[in-house]
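Visitor: For reference, the structure I am asking about is given below.
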Amino acid sequence: MQRSKIAGIGYYVPKNIFTNEDLKKYMDTSDEWIQERTGIKERRYADRLGETTTTMGVEAAKIAIERAGITPQDIDFIVFATLSPDYYFPGCGVLVQRALKMKEIGALDVRNQCSGFVYALSVADQFIKTGMYRNILVIGSEKHSFGLDFTTRGRNISVIFGDGAGAVVLQPTQTSTGPGGQGILSTHLHSDGESAEILAMYNPGTHANHWTAQPVAKFDAAEMGQMFMSHAMIDEAQNFPNMDGPAVFKKAVIKLPEVVMESLTQNGLTTADIDMLIPHQANLRIAQFVQQKLHLSDDKVYNNIQKYGNTTAASVPIALCEAWEQGKIKEGDLVCLAAFGSGFTWASALIRW
Ligand code: UT7
């Protein structure tokens, strides 16, 4: 079976830098608290009107496509990961197809939050392996700044997230099989929905409190639209994400090392073989914990949360692209991507660069 490789990679972050000091104007927080608990110094926010999740994804995609030595018309499938789409529906994939004047190719949106990009990469990898497509564009992009509560009520979440996008082009590679051959060696996807509500945005949605309270059974024409999204929901901040941070933290530091080990074991490799680990940029403390658990030296883990915050589905491709641009990933290196987040979902990908 044909293996896939990353033939081109790019990222885009908005110009507008928002520091911890800037956030203090809107909520009761401090640079000291944010840096100590998360490692974040600043993040980028998209232009309020001029940039969307899709336009940022398109900018990252243009770079990835050019570096792959192809044109947008050569792309034969799009996989777009985001939790902050331009529209509730349709998804961002079709907007990319339109913006880049691509052929009438398939476009799929993936909704796996922080692990969205690794899931999207895995989906694309399967299509390449079966020979169905030859040039797949995989994008992770987020415009979080539009959906955050910039008051003290939302400070445990708002200080963490930032905007940005990353993209890769996947192509088939003619390679020897086994861990020495170039390309994606394996991907590993997991979920545990038991704690779905502890990191979630509840509305707009169709749940009608089914999962958390007694369901309202009867059809009521007047109420239907109101149950999807109402003034009361906005007053109760249900249009903003909710998170039990410490609970997410505890699970992340178990599942991330586990899913890295799973990828190594499947390929007959050990942590000593890793040249670069790209962990999802959720919290510098989580990444450091994972590094420690896997006994990796500082030069084998790439972090950039300090300047971008947590960009959810965009965090892994942005970090991967930066590490590669800085010469920290070279041909033949063993690169591991690992992510954990809302759902819970978590995933890894092991790549011979
Ligand atoms: O990428 C998606 C996956 N998400 C994650 O992986 C996030 C995982 N969790 C975390 O990163 C951390 O739990 C947080 C950074 C979200 C929070 O850090 P923490 O050390 O777990 O703090 P905490 O939530 O236990 O809150 C400690 C205190 C509280 O005050 P009291 O109750 O001790 O008086 C919070 O109200 O810190 C307070 N607090 C803040 N203070 C200043 C919460 N947010 C802030 C803030 N500024 N922004």
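Identifiers in this document derive from the order of the structure tokens: chains are assigned A, B, ..., residues are numbered from 1 separately in each chain, and ligands are numbered from 1 in order of occurrence.
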How would you write, as number ranges by chain, the set of residues no farther than 9 Å from ligand 1 when counting only C-alpha atoms and all ligand atoms?
Guide: A: 23-24, 27-34, 36-38, 113-115, 152-161, 199, 243-253, 280-286, 310-313, 339-342, 344
Visitor: Report the residues of segment 163-346 of chain A whose backbone DSSP state falls under alpha helix (DSSP H), written as an mmCIF file with N, CA and C atoms, in the first residue's frame.
Guide:
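Result file states32.cif:
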```
data_model
loop_
_atom_site.group_PDB
_atom_site.id
_atom_site.type_symbol
_atom_site.label_atom_id
_atom_site.label_comp_id
_atom_site.auth_asym_id
_atom_site.auth_seq_id
_atom_site.Cartn_x
_atom_site.Cartn_y
_atom_site.Cartn_z
ATOM 1 N N ALA A 221 -44.112 24.737 18.780
ATOM 2 C CA ALA A 221 -43.654 25.554 17.647
ATOM 3 C C ALA A 221 -43.005 26.849 18.108
ATOM 4 N N ALA A 222 -43.545 27.459 19.118
ATOM 5 C CA ALA A 222 -43.016 28.749 19.583
ATOM 6 C C ALA A 222 -41.643 28.595 20.209
ATOM 7 N N GLU A 223 -41.438 27.421 20.819
ATOM 8 C CA GLU A 223 -40.178 27.238 21.561
ATOM 9 C C GLU A 223 -39.010 26.726 20.724
ATOM 10 N N MET A 224 -39.326 26.110 19.583
ATOM 11 C CA MET A 224 -38.270 25.375 18.863
ATOM 12 C C MET A 224 -37.038 26.240 18.551
ATOM 13 N N GLY A 225 -37.249 27.367 17.914
ATOM 14 C CA GLY A 225 -36.123 28.245 17.576
ATOM 15 C C GLY A 225 -35.420 28.738 18.821
ATOM 16 N N GLN A 226 -36.198 29.014 19.862
ATOM 17 C CA GLN A 226 -35.654 29.528 21.127
ATOM 18 C C GLN A 226 -34.771 28.511 21.829
ATOM 19 N N MET A 227 -35.053 27.195 21.560
ATOM 20 C CA MET A 227 -34.248 26.163 22.227
ATOM 21 C C MET A 227 -32.893 26.008 21.558
ATOM 22 N N PHE A 228 -32.823 26.448 20.314
ATOM 23 C CA PHE A 228 -31.562 26.361 19.569
ATOM 24 C C PHE A 228 -30.640 27.499 19.998
ATOM 25 N N HIS A 231 -32.163 34.656 23.653
ATOM 26 C CA HIS A 231 -31.568 35.752 24.411
ATOM 27 C C HIS A 231 -31.097 35.265 25.776
ATOM 28 N N ALA A 232 -31.900 34.374 26.386
ATOM 29 C CA ALA A 232 -31.545 33.866 27.723
ATOM 30 C C ALA A 232 -30.214 33.112 27.675
ATOM 31 N N MET A 233 -30.021 32.342 26.614
ATOM 32 C CA MET A 233 -28.759 31.589 26.484
ATOM 33 C C MET A 233 -27.579 32.545 26.390
ATOM 34 N N ILE A 234 -27.781 33.616 25.656
ATOM 35 C CA ILE A 234 -26.700 34.609 25.533
ATOM 36 C C ILE A 234 -26.450 35.249 26.899
ATOM 37 N N ASP A 235 -27.539 35.575 27.612
ATOM 38 C CA ASP A 235 -27.390 36.169 28.949
ATOM 39 C C ASP A 235 -26.624 35.230 29.883
ATOM 40 N N GLY A 245 -10.858 23.363 33.445
ATOM 41 C CA GLY A 245 -9.441 23.298 33.073
ATOM 42 C C GLY A 245 -8.650 22.207 33.777
ATOM 43 N N PRO A 246 -8.714 22.139 35.123
ATOM 44 C CA PRO A 246 -7.916 21.126 35.821
ATOM 45 C C PRO A 246 -8.271 19.692 35.396
ATOM 46 N N ALA A 247 -9.575 19.426 35.126
ATOM 47 C CA ALA A 247 -9.973 18.068 34.706
ATOM 48 C C ALA A 247 -9.389 17.742 33.334
ATOM 49 N N VAL A 248 -9.381 18.736 32.441
ATOM 50 C CA VAL A 248 -8.810 18.521 31.097
ATOM 51 C C VAL A 248 -7.303 18.279 31.236
ATOM 52 N N PHE A 249 -6.680 19.079 32.045
ATOM 53 C CA PHE A 249 -5.231 18.972 32.278
ATOM 54 C C PHE A 249 -4.863 17.549 32.723
ATOM 55 N N LYS A 250 -5.589 17.059 33.731
ATOM 56 C CA LYS A 250 -5.266 15.729 34.300
ATOM 57 C C LYS A 250 -5.341 14.622 33.252
ATOM 58 N N LYS A 251 -6.365 14.692 32.417
ATOM 59 C CA LYS A 251 -6.543 13.645 31.396
ATOM 60 C C LYS A 251 -5.483 13.803 30.290
ATOM 61 N N ALA A 252 -5.191 15.049 29.924
ATOM 62 C CA ALA A 252 -4.244 15.304 28.822
ATOM 63 C C ALA A 252 -2.857 14.737 29.143
ATOM 64 N N VAL A 253 -2.407 14.906 30.385
ATOM 65 C CA VAL A 253 -1.046 14.462 30.705
ATOM 66 C C VAL A 253 -0.941 12.926 30.792
ATOM 67 N N ILE A 254 -2.080 12.255 30.816
ATOM 68 C CA ILE A 254 -2.054 10.783 30.747
ATOM 69 C C ILE A 254 -2.138 10.333 29.290
ATOM 70 N N LYS A 255 -3.099 10.902 28.573
ATOM 71 C CA LYS A 255 -3.387 10.407 27.218
ATOM 72 C C LYS A 255 -2.335 10.798 26.181
ATOM 73 N N LEU A 256 -1.712 11.970 26.339
ATOM 74 C CA LEU A 256 -0.710 12.376 25.333
ATOM 75 C C LEU A 256 0.501 11.433 25.312
ATOM 76 N N PRO A 257 1.151 11.180 26.456
ATOM 77 C CA PRO A 257 2.281 10.236 26.406
ATOM 78 C C PRO A 257 1.842 8.845 25.919
ATOM 79 N N GLU A 258 0.622 8.456 26.325
ATOM 80 C CA GLU A 258 0.105 7.132 25.948
ATOM 81 C C GLU A 258 0.002 6.994 24.425
ATOM 82 N N VAL A 259 -0.541 8.037 23.778
ATOM 83 C CA VAL A 259 -0.770 7.938 22.328
ATOM 84 C C VAL A 259 0.545 8.095 21.545
ATOM 85 N N VAL A 260 1.534 8.771 22.148
ATOM 86 C CA VAL A 260 2.867 8.824 21.531
ATOM 87 C C VAL A 260 3.489 7.430 21.598
ATOM 88 N N MET A 261 3.413 6.809 22.768
ATOM 89 C CA MET A 261 3.984 5.463 22.943
ATOM 90 C C MET A 261 3.310 4.455 22.009
ATOM 91 N N GLU A 262 2.006 4.607 21.841
ATOM 92 C CA GLU A 262 1.269 3.702 20.953
ATOM 93 C C GLU A 262 1.845 3.763 19.525
ATOM 94 N N SER A 263 2.135 4.983 19.059
ATOM 95 C CA SER A 263 2.654 5.129 17.692
ATOM 96 C C SER A 263 4.052 4.519 17.575
ATOM 97 N N LEU A 264 4.863 4.705 18.613
ATOM 98 C CA LEU A 264 6.230 4.157 18.574
ATOM 99 C C LEU A 264 6.192 2.631 18.606
ATOM 100 N N THR A 265 5.402 2.096 19.527
ATOM 101 C CA THR A 265 5.329 0.637 19.690
ATOM 102 C C THR A 265 4.862 -0.026 18.396
ATOM 103 N N GLN A 266 3.842 0.572 17.766
ATOM 104 C CA GLN A 266 3.314 -0.033 16.529
ATOM 105 C C GLN A 266 4.394 -0.138 15.448
ATOM 106 N N LEU A 284 1.830 25.200 28.144
ATOM 107 C CA LEU A 284 3.255 24.850 28.191
ATOM 108 C C LEU A 284 3.528 23.823 29.292
ATOM 109 N N ARG A 285 2.770 23.916 30.381
ATOM 110 C CA ARG A 285 2.970 22.968 31.492
ATOM 111 C C ARG A 285 2.604 21.545 31.073
ATOM 112 N N ILE A 286 1.575 21.416 30.241
ATOM 113 C CA ILE A 286 1.206 20.077 29.749
ATOM 114 C C ILE A 286 2.333 19.540 28.867
ATOM 115 N N ALA A 287 2.824 20.381 27.955
ATOM 116 C CA ALA A 287 3.885 19.947 27.029
ATOM 117 C C ALA A 287 5.143 19.554 27.812
ATOM 118 N N GLN A 288 5.455 20.311 28.855
ATOM 119 C CA GLN A 288 6.656 19.995 29.649
ATOM 120 C C GLN A 288 6.480 18.688 30.421
ATOM 121 N N PHE A 289 5.269 18.473 30.894
ATOM 122 C CA PHE A 289 4.975 17.230 31.610
ATOM 123 C C PHE A 289 5.151 16.028 30.678
ATOM 124 N N VAL A 290 4.638 16.176 29.460
ATOM 125 C CA VAL A 290 4.728 15.085 28.466
ATOM 126 C C VAL A 290 6.200 14.845 28.123
ATOM 127 N N GLN A 291 6.943 15.920 27.935
ATOM 128 C CA GLN A 291 8.374 15.816 27.612
ATOM 129 C C GLN A 291 9.123 15.029 28.694
ATOM 130 N N GLN A 292 8.813 15.390 29.938
ATOM 131 C CA GLN A 292 9.452 14.734 31.079
ATOM 132 C C GLN A 292 9.125 13.244 31.118
ATOM 133 N N LYS A 293 7.837 12.946 30.927
ATOM 134 C CA LYS A 293 7.374 11.561 30.995
ATOM 135 C C LYS A 293 8.032 10.708 29.910
ATOM 136 N N ILE A 305 3.596 28.123 22.042
ATOM 137 C CA ILE A 305 2.391 28.651 22.703
ATOM 138 C C ILE A 305 2.659 30.034 23.295
ATOM 139 N N GLN A 306 3.935 30.305 23.615
ATOM 140 C CA GLN A 306 4.300 31.596 24.217
ATOM 141 C C GLN A 306 3.832 32.765 23.360
ATOM 142 N N LYS A 307 3.910 32.608 22.027
ATOM 143 C CA LYS A 307 3.557 33.741 21.164
ATOM 144 C C LYS A 307 2.214 33.620 20.445
ATOM 145 N N TYR A 308 1.624 32.415 20.437
ATOM 146 C CA TYR A 308 0.351 32.271 19.717
ATOM 147 C C TYR A 308 -0.819 31.819 20.589
ATOM 148 N N SER A 315 -2.905 24.538 15.906
ATOM 149 C CA SER A 315 -1.673 24.579 16.705
ATOM 150 C C SER A 315 -0.604 23.599 16.206
ATOM 151 N N VAL A 316 -1.002 22.386 15.877
ATOM 152 C CA VAL A 316 -0.013 21.389 15.433
ATOM 153 C C VAL A 316 0.613 21.772 14.084
ATOM 154 N N PRO A 317 -0.192 22.133 13.055
ATOM 155 C CA PRO A 317 0.475 22.489 11.785
ATOM 156 C C PRO A 317 1.290 23.773 11.860
ATOM 157 N N ILE A 318 0.875 24.746 12.690
ATOM 158 C CA ILE A 318 1.687 25.965 12.818
ATOM 159 C C ILE A 318 3.034 25.607 13.449
ATOM 160 N N ALA A 319 2.997 24.835 14.527
ATOM 161 C CA ALA A 319 4.239 24.465 15.217
ATOM 162 C C ALA A 319 5.130 23.601 14.313
ATOM 163 N N LEU A 320 4.509 22.662 13.592
ATOM 164 C CA LEU A 320 5.267 21.790 12.683
ATOM 165 C C LEU A 320 5.955 22.631 11.613
ATOM 166 N N CYS A 321 5.222 23.586 11.053
ATOM 167 C CA CYS A 321 5.772 24.414 9.983
ATOM 168 C C CYS A 321 6.908 25.293 10.511
ATOM 169 N N GLU A 322 6.704 25.898 11.661
ATOM 170 C CA GLU A 322 7.761 26.747 12.236
ATOM 171 C C GLU A 322 9.027 25.939 12.517
ATOM 172 N N ALA A 323 8.851 24.763 13.119
ATOM 173 C CA ALA A 323 10.011 23.917 13.453
ATOM 174 C C ALA A 323 10.776 23.558 12.175
ATOM 175 N N TRP A 324 10.027 23.234 11.122
ATOM 176 C CA TRP A 324 10.655 22.880 9.842
ATOM 177 C C TRP A 324 11.359 24.100 9.231
ATOM 178 N N GLU A 325 10.690 25.261 9.253
ATOM 179 C CA GLU A 325 11.301 26.480 8.691
ATOM 180 C C GLU A 325 12.583 26.856 9.427
#
```
Visitor: Can you work out the spacing between atom CA of Lys129 of chain A and atom CA of Gly69 of chain A in Å, to one decimal?
Guide: 20.7 Å
Visitor: Can you list, as JSON, numbers by chain, all residues belonging to segment 35-235 of chain A that DSSP tags as strand (DSSP E)?
Guide: {"A": [42, 43, 44, 77, 78, 79, 80, 81, 106, 107, 108, 109, 110, 136, 137, 138, 139, 140, 141, 142, 164, 165, 166, 167, 168, 169, 170, 171, 172, 173, 183, 184, 185, 186, 187, 188, 189, 190, 191, 199, 200]}
Visitor: Give the answer as one residue: which of A:Thr54, A:Asn112, A:Thr173, A:Gln326 has the shortest atom-to-atom distance to Leu189 of chain A, using only C-alpha atoms?
Guide: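 The shortest atom-to-atom distance to Leu189 of chain A comes from A:Asn112.
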Visitor: Could you please determine the separation between atom CA of Asp275 of chain A and atom CA of Leu337 of chain A in Å, to one decimal place?
Guide: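 These two atoms are separated by 11.4 Å.
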Visitor: Looking at only C-alpha atoms, which of A:Gly327, A:Gly193, A:Pro179, A:Gly57 is the one that sits closest to Leu100 of chain A?
Guide: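 Smallest separation from Leu100 of chain A among the options: A:Gly57.
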